[in-house]
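Participant: Starting off with a structure, shown below.
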Amino acid sequence: MSERKVKREDPAHHTTDAEVLAASRKLTRRSFAVAAIGAAAGFGLYRWVDYSRDDGMQPVRLRRAFQANAALSRKVFDERALAPTYPASRAENLRINGLIGIKEAILPESWRLQLVGAANEKNFAQYVPDVTTWTYEYSRGTESTEGDHFTFVPPEPVVNRGDPIQERAGKRSRGLEEAGPSYSTVSAGTPGLLLAMADITRLPANELVTEFKCVEGWSQITHWSGVRMADFIEAYPPARKPNGSLPRYVYMETPNGDYYVGYDMRVCRHPQTLLVTGMAGKPLTQRHGAPLRLHAPTKYGYKQIKRIGLIVYTDLKPDDYWTKLGYDWYAGL
Ligand SMILES: Nc1nc2c(c(=O)[nH]1)N[C@H]1C(S)=C(S)[C@@H](COP(=O)(O)O)O[C@H]1N2
Ligand SMILES: [Mo]
């Protein structure tokens, strides 16, 4: 794996990889202590919690305890610290968990990344006056890629809930899953860039072997490949406000808008946050989020959106699927 060093100064928080590494080492021992306390507390809870959910998340009764822990872990695992990395030989096959927004197999050639909020967007060849007119196409059959079997689930009927965001001519309703529609999605007539995969894979390639942690209590060492989100942000920088400041947040959603995640800009600029195109040395499979998903190793799995269709740079704190259902926004480990 290649751990490319960031040589220039990071203007977002003035830290270099070396500083980040030093901070990370200092914090490791304390993280262990907290993990041990968490595990002890968790043991007691396991006996009375109902595990009826099948969406890859904790039962409701665990959420309150999780939120209390989150405030603590934020202090312990600073967002600038580096997550530990492992030799590729230790990587496992990541299980598939959570299919919100990706139940239908997308036709890869119909995929584009909509980017809203980039600086000088009209100067890009990929500029379009309305990103929302892009139509994603879905497969009518079944997709099977090397053990990752994708079963086609028929699209749900269009239900008009009277939400103006959903009234997009000829398009399926959005936000039909538990958390409902996102208030951060972009409305018709929003200009931006429509990026193809080549616009992303032209950026420096990176590999990373990290421990992937789901909030429901399992973790696996996973081998990722893709490009740094920080490099993406440098290639397609956010527009500054008149006072010169950069937007504080990044919003992402699936092409159908059903799953959506909000991030602090510094999380997206973290040197280990990747736009992932491959896993275990192979192209990413659809149920792991092909063609493009996020990996942020300082965050729990629910912040690691699979199948990104839209990225928005914004100063308004974005809507976030699981935060709406009671989970912590920071989702720090
Ligand atoms: N689009 C989408 N992304 C998602 C989810 C989801 O349901 N839909 N679930 C999240 C959760 S809770 C986890 S643990 C990880 C699981 O990723 P994996 O299936 O590649 O293991 O995806 C995250 N990203
Ligand atoms: Mo998860």
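Numbering starts fresh at 1 for the residues of each chain in the structure tokens, the chains themselves are lettered A, B, ... in the order given, and ligands are numbered from 1 as they appear.
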Please produce, as a tab-separated table, a per-residue contact table for chain A versus ligand 2 (criterion: any atom at most 7 Å away, only C-alpha atoms and all ligand atoms considered), showing the nearest atom pair and its distance in Å to one decimal, sorted by chain then residue number.
Facilitator:
```
residue	atom	partner	partner_atom_place_in_ligand_line	distance
A:Gly56	CA	ligand 2	1 (Mo)	5.0
A:Met57	CA	ligand 2	1 (Mo)	5.4
A:Asn97	CA	ligand 2	1 (Mo)	6.5
A:Gly98	CA	ligand 2	1 (Mo)	6.8
A:Cys214	CA	ligand 2	1 (Mo)	4.0
A:Val215	CA	ligand 2	1 (Mo)	5.3
A:Glu216	CA	ligand 2	1 (Mo)	6.2
A:Tyr300	CA	ligand 2	1 (Mo)	6.9
A:Gly301	CA	ligand 2	1 (Mo)	4.6
A:Tyr302	CA	ligand 2	1 (Mo)	4.7
```
Participant: Residues of the last selection are to be written out with N, CA, C and O atoms, as an mmCIF file, in the first residue's frame.
Facilitator:
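For reference, selection-v2.cif as written:
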```cif
data_model
loop_
_atom_site.group_PDB
_atom_site.id
_atom_site.type_symbol
_atom_site.label_atom_id
_atom_site.label_comp_id
_atom_site.auth_asym_id
_atom_site.auth_seq_id
_atom_site.Cartn_x
_atom_site.Cartn_y
_atom_site.Cartn_z
ATOM 1 N N GLY A 56 -28.677 -3.023 9.741
ATOM 2 C CA GLY A 56 -27.266 -2.808 10.024
ATOM 3 C C GLY A 56 -27.024 -1.748 11.082
ATOM 4 O O GLY A 56 -25.922 -1.266 11.230
ATOM 5 N N MET A 57 -28.046 -1.405 11.815
ATOM 6 C CA MET A 57 -27.868 -0.384 12.828
ATOM 7 C C MET A 57 -28.256 -0.941 14.198
ATOM 8 O O MET A 57 -28.816 -2.014 14.311
ATOM 9 N N ASN A 97 -23.499 -4.663 4.330
ATOM 10 C CA ASN A 97 -24.359 -4.194 5.410
ATOM 11 C C ASN A 97 -25.043 -2.886 5.031
ATOM 12 O O ASN A 97 -24.388 -1.876 4.855
ATOM 13 N N GLY A 98 -26.355 -2.892 4.931
ATOM 14 C CA GLY A 98 -27.064 -1.639 4.645
ATOM 15 C C GLY A 98 -27.202 -1.404 3.159
ATOM 16 O O GLY A 98 -26.221 -1.197 2.462
ATOM 17 N N CYS A 214 -18.548 -0.923 12.210
ATOM 18 C CA CYS A 214 -19.981 -0.628 12.169
ATOM 19 C C CYS A 214 -20.452 -0.403 13.590
ATOM 20 O O CYS A 214 -20.016 -1.094 14.518
ATOM 21 N N VAL A 215 -21.359 0.520 13.760
ATOM 22 C CA VAL A 215 -21.854 0.902 15.085
ATOM 23 C C VAL A 215 -22.585 -0.258 15.776
ATOM 24 O O VAL A 215 -22.738 -0.271 16.988
ATOM 25 N N GLU A 216 -23.018 -1.246 14.999
ATOM 26 C CA GLU A 216 -23.721 -2.375 15.629
ATOM 27 C C GLU A 216 -22.764 -3.340 16.327
ATOM 28 O O GLU A 216 -23.198 -4.299 16.943
ATOM 29 N N TYR A 300 -17.567 5.854 12.038
ATOM 30 C CA TYR A 300 -18.319 4.610 11.927
ATOM 31 C C TYR A 300 -18.848 4.418 10.496
ATOM 32 O O TYR A 300 -18.966 5.371 9.732
ATOM 33 N N GLY A 301 -19.201 3.155 10.224
ATOM 34 C CA GLY A 301 -19.658 2.764 8.887
ATOM 35 C C GLY A 301 -20.813 3.576 8.332
ATOM 36 O O GLY A 301 -20.885 3.799 7.130
ATOM 37 N N TYR A 302 -21.694 4.033 9.193
ATOM 38 C CA TYR A 302 -22.884 4.715 8.637
ATOM 39 C C TYR A 302 -22.566 6.054 7.993
ATOM 40 O O TYR A 302 -23.390 6.600 7.272
#
```
Participant: Counting only C-alpha atoms and all ligand atoms, give me one row per residue of chain A with an atom at most 7 Å from an atom of ligand 1, showing the shortest contact pair and its distance in Å to one decimal, sorted by chain then residue number, as a Markdown table.
Facilitator:
```
| residue | atom | partner | partner_atom_place_in_ligand_line | distance |
| --- | --- | --- | --- | --- |
| A:Asp55 | CA | ligand 1 | 7 (O) | 6.9 |
| A:Gly56 | CA | ligand 1 | 12 (S) | 5.2 |
| A:Met57 | CA | ligand 1 | 12 (S) | 5.7 |
| A:Leu94 | CA | ligand 1 | 21 (O) | 5.4 |
| A:Arg95 | CA | ligand 1 | 21 (O) | 4.8 |
| A:Ile96 | CA | ligand 1 | 19 (O) | 3.4 |
| A:Asn97 | CA | ligand 1 | 19 (O) | 3.7 |
| A:Gly98 | CA | ligand 1 | 7 (O) | 3.3 |
| A:Leu99 | CA | ligand 1 | 7 (O) | 4.0 |
| A:Ile100 | CA | ligand 1 | 7 (O) | 3.7 |
| A:Gly101 | CA | ligand 1 | 1 (N) | 4.9 |
| A:Ile102 | CA | ligand 1 | 1 (N) | 5.5 |
| A:Lys213 | CA | ligand 1 | 14 (S) | 6.9 |
| A:Cys214 | CA | ligand 1 | 14 (S) | 4.3 |
| A:Val215 | CA | ligand 1 | 14 (S) | 6.8 |
| A:Thr254 | CA | ligand 1 | 1 (N) | 5.9 |
| A:Tyr259 | CA | ligand 1 | 1 (N) | 5.1 |
| A:Arg287 | CA | ligand 1 | 19 (O) | 6.3 |
| A:His288 | CA | ligand 1 | 20 (O) | 3.9 |
| A:Gly289 | CA | ligand 1 | 20 (O) | 6.6 |
| A:Gly301 | CA | ligand 1 | 14 (S) | 3.9 |
| A:Tyr302 | CA | ligand 1 | 12 (S) | 3.7 |
| A:Lys303 | CA | ligand 1 | 23 (C) | 6.2 |
| A:Gln304 | CA | ligand 1 | 24 (N) | 4.7 |
| A:Ile305 | CA | ligand 1 | 24 (N) | 3.9 |
| A:Lys306 | CA | ligand 1 | 3 (N) | 3.8 |
| A:Arg307 | CA | ligand 1 | 1 (N) | 5.7 |
```
Participant: Go ahead and dump the residues you just picked, C-alpha atoms, as a CSV table (one decimal), in the first residue's frame.
Facilitator:
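This went into result.csv:
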```
chain,number,residue,atom,x,y,z
A,55,ASP,CA,-30.7,-2.5,8.6
A,56,GLY,CA,-27.3,-2.8,10.0
A,57,MET,CA,-27.9,-0.4,12.8
A,94,LEU,CA,-15.9,-7.0,4.1
A,95,ARG,CA,-19.5,-8.1,4.8
A,96,ILE,CA,-22.3,-6.3,3.1
A,97,ASN,CA,-24.4,-4.2,5.4
A,98,GLY,CA,-27.1,-1.6,4.6
A,99,LEU,CA,-28.6,-1.3,1.2
A,100,ILE,CA,-30.6,1.9,1.7
A,101,GLY,CA,-30.6,3.8,-1.6
A,102,ILE,CA,-28.8,1.0,-3.5
A,213,LYS,CA,-16.2,-0.4,12.2
A,214,CYS,CA,-20.0,-0.6,12.2
A,215,VAL,CA,-21.9,0.9,15.1
A,254,THR,CA,-27.2,8.3,-3.4
A,259,TYR,CA,-29.5,7.6,1.7
A,287,ARG,CA,-23.5,-3.8,-2.9
A,288,HIS,CA,-20.3,-2.3,-1.5
A,289,GLY,CA,-21.2,0.9,-3.2
A,301,GLY,CA,-19.7,2.8,8.9
A,302,TYR,CA,-22.9,4.7,8.6
A,303,LYS,CA,-20.9,7.8,7.6
A,304,GLN,CA,-19.4,5.8,4.7
A,305,ILE,CA,-21.9,6.3,2.0
A,306,LYS,CA,-22.1,3.7,-0.7
A,307,ARG,CA,-22.9,4.7,-4.3
```
Participant: I'd like the interatomic distance between CA of Leu176 in chain A and CA of Gly332 in chain A, to a tenth of an Å.
Facilitator: 27.3 Å
Participant: Could you tell me how far CA of Ser110 in chain A sits from CA of Leu193 in chain A, in Å to one decimal place?
Facilitator: 15.4 Å
Participant: Dump as a Markdown table the rows for residues of range 233-294 of chain A within 12 Å of range 196-212 of chain A: closest atom pair and distance in Å with one decimal, only C-alpha atoms counted, ordered by chain and rising residue number.
Facilitator:
```
| residue | atom | partner | partner_atom | distance |
| --- | --- | --- | --- | --- |
| A:Ile233 | CA | A:Leu203 | CA | 10.7 |
| A:Glu234 | CA | A:Leu203 | CA | 10.0 |
| A:Ala235 | CA | A:Leu203 | CA | 8.1 |
| A:Tyr236 | CA | A:Asp199 | CA | 10.0 |
| A:Pro271 | CA | A:Asn206 | CA | 10.4 |
| A:Gln272 | CA | A:Leu208 | CA | 7.6 |
| A:Thr273 | CA | A:Leu208 | CA | 9.6 |
| A:Leu274 | CA | A:Asn206 | CA | 8.1 |
| A:Leu275 | CA | A:Ile200 | CA | 8.6 |
| A:Val276 | CA | A:Asn206 | CA | 9.2 |
| A:Thr277 | CA | A:Thr201 | CA | 8.5 |
| A:Gly278 | CA | A:Glu207 | CA | 9.0 |
| A:Met279 | CA | A:Glu207 | CA | 9.2 |
| A:Ala280 | CA | A:Val209 | CA | 9.1 |
| A:Gly281 | CA | A:Glu207 | CA | 9.0 |
| A:Lys282 | CA | A:Glu207 | CA | 11.7 |
| A:Ala290 | CA | A:Met197 | CA | 11.0 |
| A:Pro291 | CA | A:Met197 | CA | 8.1 |
| A:Leu292 | CA | A:Met197 | CA | 8.5 |
| A:Leu294 | CA | A:Phe212 | CA | 11.8 |
```
Participant: Take the residues that were just selected and, keeping N, CA, C and O atoms, output them as a PDB file, in the first residue's frame.
Facilitator:
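The result, stored in out02.pdb:
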```pdb
ATOM      1  N   ILE A 233     -11.096  17.513  -3.656  1.00  0.00           N
ATOM      2  CA  ILE A 233     -11.477  18.877  -3.259  1.00  0.00           C
ATOM      3  C   ILE A 233     -10.488  19.893  -3.837  1.00  0.00           C
ATOM      4  O   ILE A 233     -10.853  21.010  -4.189  1.00  0.00           O
ATOM      5  N   GLU A 234      -9.225  19.479  -3.959  1.00  0.00           N
ATOM      6  CA  GLU A 234      -8.240  20.380  -4.567  1.00  0.00           C
ATOM      7  C   GLU A 234      -8.478  20.528  -6.072  1.00  0.00           C
ATOM      8  O   GLU A 234      -8.319  21.608  -6.636  1.00  0.00           O
ATOM      9  N   ALA A 235      -8.870  19.431  -6.717  1.00  0.00           N
ATOM     10  CA  ALA A 235      -9.121  19.465  -8.167  1.00  0.00           C
ATOM     11  C   ALA A 235     -10.413  20.201  -8.504  1.00  0.00           C
ATOM     12  O   ALA A 235     -10.517  20.845  -9.545  1.00  0.00           O
ATOM     13  N   TYR A 236     -11.396  20.069  -7.620  1.00  0.00           N
ATOM     14  CA  TYR A 236     -12.706  20.709  -7.824  1.00  0.00           C
ATOM     15  C   TYR A 236     -13.023  21.509  -6.565  1.00  0.00           C
ATOM     16  O   TYR A 236     -13.873  21.131  -5.756  1.00  0.00           O
ATOM     17  N   PRO A 271      -6.457  13.152   5.490  1.00  0.00           N
ATOM     18  CA  PRO A 271      -5.641  12.460   4.480  1.00  0.00           C
ATOM     19  C   PRO A 271      -6.025  11.000   4.238  1.00  0.00           C
ATOM     20  O   PRO A 271      -5.611  10.410   3.248  1.00  0.00           O
ATOM     21  N   GLN A 272      -6.825  10.401   5.121  1.00  0.00           N
ATOM     22  CA  GLN A 272      -7.231   9.002   4.909  1.00  0.00           C
ATOM     23  C   GLN A 272      -8.669   8.867   4.414  1.00  0.00           C
ATOM     24  O   GLN A 272      -9.166   7.757   4.276  1.00  0.00           O
ATOM     25  N   THR A 273      -9.332   9.975   4.173  1.00  0.00           N
ATOM     26  CA  THR A 273     -10.694   9.876   3.644  1.00  0.00           C
ATOM     27  C   THR A 273     -10.624   9.666   2.140  1.00  0.00           C
ATOM     28  O   THR A 273     -10.060  10.483   1.425  1.00  0.00           O
ATOM     29  N   LEU A 274     -11.158   8.541   1.701  1.00  0.00           N
ATOM     30  CA  LEU A 274     -11.023   8.153   0.288  1.00  0.00           C
ATOM     31  C   LEU A 274     -12.365   8.122  -0.422  1.00  0.00           C
ATOM     32  O   LEU A 274     -13.382   7.723   0.158  1.00  0.00           O
ATOM     33  N   LEU A 275     -12.336   8.499  -1.701  1.00  0.00           N
ATOM     34  CA  LEU A 275     -13.416   8.168  -2.626  1.00  0.00           C
ATOM     35  C   LEU A 275     -13.023   6.817  -3.205  1.00  0.00           C
ATOM     36  O   LEU A 275     -12.041   6.706  -3.938  1.00  0.00           O
ATOM     37  N   VAL A 276     -13.747   5.800  -2.830  1.00  0.00           N
ATOM     38  CA  VAL A 276     -13.327   4.419  -3.079  1.00  0.00           C
ATOM     39  C   VAL A 276     -13.894   3.887  -4.395  1.00  0.00           C
ATOM     40  O   VAL A 276     -15.082   4.026  -4.672  1.00  0.00           O
ATOM     41  N   THR A 277     -12.989   3.267  -5.180  1.00  0.00           N
ATOM     42  CA  THR A 277     -13.415   2.606  -6.423  1.00  0.00           C
ATOM     43  C   THR A 277     -13.082   1.116  -6.409  1.00  0.00           C
ATOM     44  O   THR A 277     -13.532   0.383  -7.290  1.00  0.00           O
ATOM     45  N   GLY A 278     -12.280   0.687  -5.429  1.00  0.00           N
ATOM     46  CA  GLY A 278     -11.867  -0.717  -5.405  1.00  0.00           C
ATOM     47  C   GLY A 278     -11.737  -1.252  -3.993  1.00  0.00           C
ATOM     48  O   GLY A 278     -11.546  -0.503  -3.025  1.00  0.00           O
ATOM     49  N   MET A 279     -11.849  -2.575  -3.879  1.00  0.00           N
ATOM     50  CA  MET A 279     -11.723  -3.233  -2.582  1.00  0.00           C
ATOM     51  C   MET A 279     -10.964  -4.536  -2.800  1.00  0.00           C
ATOM     52  O   MET A 279     -11.253  -5.255  -3.765  1.00  0.00           O
ATOM     53  N   ALA A 280      -9.999  -4.822  -1.927  1.00  0.00           N
ATOM     54  CA  ALA A 280      -9.218  -6.056  -2.016  1.00  0.00           C
ATOM     55  C   ALA A 280      -8.581  -6.229  -3.404  1.00  0.00           C
ATOM     56  O   ALA A 280      -8.506  -7.341  -3.929  1.00  0.00           O
ATOM     57  N   GLY A 281      -8.164  -5.119  -4.005  1.00  0.00           N
ATOM     58  CA  GLY A 281      -7.476  -5.187  -5.282  1.00  0.00           C
ATOM     59  C   GLY A 281      -8.381  -5.420  -6.483  1.00  0.00           C
ATOM     60  O   GLY A 281      -7.901  -5.605  -7.601  1.00  0.00           O
ATOM     61  N   LYS A 282      -9.678  -5.409  -6.251  1.00  0.00           N
ATOM     62  CA  LYS A 282     -10.642  -5.602  -7.350  1.00  0.00           C
ATOM     63  C   LYS A 282     -11.575  -4.402  -7.425  1.00  0.00           C
ATOM     64  O   LYS A 282     -11.717  -3.672  -6.447  1.00  0.00           O
ATOM     65  N   ALA A 290     -20.354   0.451  -5.518  1.00  0.00           N
ATOM     66  CA  ALA A 290     -19.890   0.840  -6.845  1.00  0.00           C
ATOM     67  C   ALA A 290     -20.922   1.743  -7.512  1.00  0.00           C
ATOM     68  O   ALA A 290     -22.112   1.599  -7.242  1.00  0.00           O
ATOM     69  N   PRO A 291     -20.474   2.654  -8.365  1.00  0.00           N
ATOM     70  CA  PRO A 291     -19.078   2.825  -8.772  1.00  0.00           C
ATOM     71  C   PRO A 291     -18.213   3.646  -7.809  1.00  0.00           C
ATOM     72  O   PRO A 291     -16.996   3.578  -7.890  1.00  0.00           O
ATOM     73  N   LEU A 292     -18.820   4.403  -6.868  1.00  0.00           N
ATOM     74  CA  LEU A 292     -18.014   5.258  -6.003  1.00  0.00           C
ATOM     75  C   LEU A 292     -18.642   5.325  -4.622  1.00  0.00           C
ATOM     76  O   LEU A 292     -19.818   5.644  -4.480  1.00  0.00           O
ATOM     77  N   LEU A 294     -17.659   6.224  -0.166  1.00  0.00           N
ATOM     78  CA  LEU A 294     -16.722   6.935   0.696  1.00  0.00           C
ATOM     79  C   LEU A 294     -16.146   5.987   1.741  1.00  0.00           C
ATOM     80  O   LEU A 294     -16.839   5.101   2.229  1.00  0.00           O
TER      81      LEU A 294
END
```
Participant: Excluding Lys241 in chain A and its own-chain neighbours fewer than 4 positions away, which residues fall within 12 Å of it when counting only C-alpha atoms? Please give them as a list in words.
Facilitator: Gly117, Ala118, Ala119, Ser245, Leu246, Pro247, Arg248, Tyr313, Thr314 and Asp315 of chain A
Participant: Could you write out the selected residues, including N, CA, C and O atoms, as a short mmCIF file (atom, residue, chain, number, x, y, z; two decimals), in the first residue's frame?
Facilitator:
```cif
data_model
loop_
_atom_site.label_atom_id
_atom_site.label_comp_id
_atom_site.auth_asym_id
_atom_site.auth_seq_id
_atom_site.Cartn_x
_atom_site.Cartn_y
_atom_site.Cartn_z
N GLY A 117 -21.57 23.52 -5.98
CA GLY A 117 -20.88 24.43 -5.07
C GLY A 117 -19.40 24.61 -5.38
O GLY A 117 -18.67 25.18 -4.57
N ALA A 118 -18.95 24.11 -6.54
CA ALA A 118 -17.54 24.26 -6.91
C ALA A 118 -17.25 25.69 -7.38
O ALA A 118 -18.14 26.37 -7.92
N ALA A 119 -16.01 26.12 -7.17
CA ALA A 119 -15.60 27.47 -7.58
C ALA A 119 -15.47 27.53 -9.10
O ALA A 119 -15.06 26.54 -9.74
N SER A 245 -14.06 32.89 3.12
CA SER A 245 -14.08 31.62 3.87
C SER A 245 -14.67 30.49 3.01
O SER A 245 -15.46 30.72 2.09
N LEU A 246 -14.25 29.27 3.36
CA LEU A 246 -14.70 28.09 2.63
C LEU A 246 -15.93 27.50 3.30
O LEU A 246 -16.11 27.66 4.50
N PRO A 247 -16.77 26.80 2.53
CA PRO A 247 -17.93 26.15 3.16
C PRO A 247 -17.49 25.14 4.21
O PRO A 247 -16.46 24.49 4.08
N ARG A 248 -18.27 25.02 5.26
CA ARG A 248 -17.88 24.18 6.40
C ARG A 248 -18.28 22.73 6.24
O ARG A 248 -17.80 21.87 6.96
N TYR A 313 -20.97 21.12 -1.72
CA TYR A 313 -20.23 21.92 -0.75
C TYR A 313 -21.19 22.96 -0.20
O TYR A 313 -21.82 23.69 -0.97
N THR A 314 -21.32 23.02 1.11
CA THR A 314 -22.35 23.91 1.66
C THR A 314 -21.94 24.48 3.02
O THR A 314 -21.16 23.88 3.75
N ASP A 315 -22.52 25.60 3.35
CA ASP A 315 -22.29 26.21 4.65
C ASP A 315 -23.42 25.91 5.64
O ASP A 315 -23.34 26.25 6.81
#
```
Participant: Would you mind reading off the distance between CA of Met265 in chain A and CA of Val128 in chain A, one decimal, in Å?
Facilitator: 24.1 Å
Participant: Which residues in range 275-312 of chain A does DSSP call helix (DSSP H, G or I)? List them as a list of chain:residue names.
Facilitator: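 Filtering range 275-312 of chain A down to helix (DSSP H, G or I) leaves A:Gln286, A:Arg287, A:His288, A:Gly301, A:Tyr302, A:Lys303.
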Participant: So that I have them on file, write out the residues from the current selection with all heavy atoms, as a PDB file, in the first residue's frame.
Facilitator:
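The resulting selection-v3.pdb:
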```
ATOM      1  N   GLN A 286     -21.283  -3.611  -6.556  1.00  0.00           N
ATOM      2  CA  GLN A 286     -22.415  -2.694  -6.374  1.00  0.00           C
ATOM      3  C   GLN A 286     -22.892  -2.653  -4.921  1.00  0.00           C
ATOM      4  O   GLN A 286     -23.207  -1.591  -4.399  1.00  0.00           O
ATOM      5  CB  GLN A 286     -23.566  -3.096  -7.295  1.00  0.00           C
ATOM      6  CG  GLN A 286     -23.237  -2.837  -8.752  1.00  0.00           C
ATOM      7  CD  GLN A 286     -24.294  -2.030  -9.467  1.00  0.00           C
ATOM      8  OE1 GLN A 286     -25.304  -1.608  -8.905  1.00  0.00           O
ATOM      9  NE2 GLN A 286     -24.065  -1.800 -10.746  1.00  0.00           N
ATOM     10  N   ARG A 287     -22.961  -3.808  -4.279  1.00  0.00           N
ATOM     11  CA  ARG A 287     -23.492  -3.784  -2.914  1.00  0.00           C
ATOM     12  C   ARG A 287     -22.494  -3.214  -1.913  1.00  0.00           C
ATOM     13  O   ARG A 287     -22.864  -2.872  -0.792  1.00  0.00           O
ATOM     14  CB  ARG A 287     -23.983  -5.168  -2.514  1.00  0.00           C
ATOM     15  CG  ARG A 287     -25.148  -5.583  -3.430  1.00  0.00           C
ATOM     16  CD  ARG A 287     -26.145  -6.430  -2.727  1.00  0.00           C
ATOM     17  NE  ARG A 287     -25.615  -7.743  -2.448  1.00  0.00           N
ATOM     18  CZ  ARG A 287     -26.259  -8.662  -1.745  1.00  0.00           C
ATOM     19  NH1 ARG A 287     -27.445  -8.419  -1.256  1.00  0.00           N
ATOM     20  NH2 ARG A 287     -25.718  -9.843  -1.543  1.00  0.00           N
ATOM     21  N   HIS A 288     -21.229  -3.068  -2.323  1.00  0.00           N
ATOM     22  CA  HIS A 288     -20.267  -2.322  -1.498  1.00  0.00           C
ATOM     23  C   HIS A 288     -20.202  -0.856  -1.942  1.00  0.00           C
ATOM     24  O   HIS A 288     -19.398  -0.095  -1.428  1.00  0.00           O
ATOM     25  CB  HIS A 288     -18.882  -2.951  -1.567  1.00  0.00           C
ATOM     26  CG  HIS A 288     -18.725  -4.160  -0.691  1.00  0.00           C
ATOM     27  ND1 HIS A 288     -18.979  -4.143   0.665  1.00  0.00           N
ATOM     28  CD2 HIS A 288     -18.346  -5.426  -0.984  1.00  0.00           C
ATOM     29  CE1 HIS A 288     -18.758  -5.354   1.170  1.00  0.00           C
ATOM     30  NE2 HIS A 288     -18.385  -6.152   0.195  1.00  0.00           N
ATOM     31  N   GLY A 301     -19.201   3.155  10.224  1.00  0.00           N
ATOM     32  CA  GLY A 301     -19.658   2.764   8.887  1.00  0.00           C
ATOM     33  C   GLY A 301     -20.813   3.576   8.332  1.00  0.00           C
ATOM     34  O   GLY A 301     -20.885   3.799   7.130  1.00  0.00           O
ATOM     35  N   TYR A 302     -21.694   4.033   9.193  1.00  0.00           N
ATOM     36  CA  TYR A 302     -22.884   4.715   8.637  1.00  0.00           C
ATOM     37  C   TYR A 302     -22.566   6.054   7.993  1.00  0.00           C
ATOM     38  O   TYR A 302     -23.390   6.600   7.272  1.00  0.00           O
ATOM     39  CB  TYR A 302     -24.013   4.819   9.672  1.00  0.00           C
ATOM     40  CG  TYR A 302     -23.810   5.676  10.895  1.00  0.00           C
ATOM     41  CD1 TYR A 302     -24.160   7.023  10.887  1.00  0.00           C
ATOM     42  CD2 TYR A 302     -23.310   5.134  12.075  1.00  0.00           C
ATOM     43  CE1 TYR A 302     -24.026   7.802  12.027  1.00  0.00           C
ATOM     44  CE2 TYR A 302     -23.169   5.900  13.224  1.00  0.00           C
ATOM     45  CZ  TYR A 302     -23.521   7.226  13.194  1.00  0.00           C
ATOM     46  OH  TYR A 302     -23.374   7.993  14.327  1.00  0.00           O
ATOM     47  N   LYS A 303     -21.353   6.579   8.245  1.00  0.00           N
ATOM     48  CA  LYS A 303     -20.933   7.811   7.558  1.00  0.00           C
ATOM     49  C   LYS A 303     -20.281   7.487   6.210  1.00  0.00           C
ATOM     50  O   LYS A 303     -19.883   8.393   5.472  1.00  0.00           O
ATOM     51  CB  LYS A 303     -19.931   8.584   8.430  1.00  0.00           C
ATOM     52  CG  LYS A 303     -20.574   9.381   9.558  1.00  0.00           C
ATOM     53  CD  LYS A 303     -21.197  10.678   9.054  1.00  0.00           C
ATOM     54  CE  LYS A 303     -21.835  11.459  10.189  1.00  0.00           C
ATOM     55  NZ  LYS A 303     -22.524  12.681   9.738  1.00  0.00           N
TER      56      LYS A 303
END
```
Participant: Calculated over only C-alpha atoms, which of the candidates A:Pro181, A:Gly262, A:Gly226, A:Pro238 has the smallest distance to Val250 in chain A?
Facilitator: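 Between A:Pro181, A:Gly262, A:Gly226, A:Pro238, the residue approaching Val250 in chain A most closely is A:Gly262.
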Participant: Select, from A:Ala105, A:Ala179, A:Asn93, A:Ile308, the residue with the minimum atom-to-atom distance to Thr323 in chain A, counting only C-alpha atoms.
Facilitator: A:Ala179
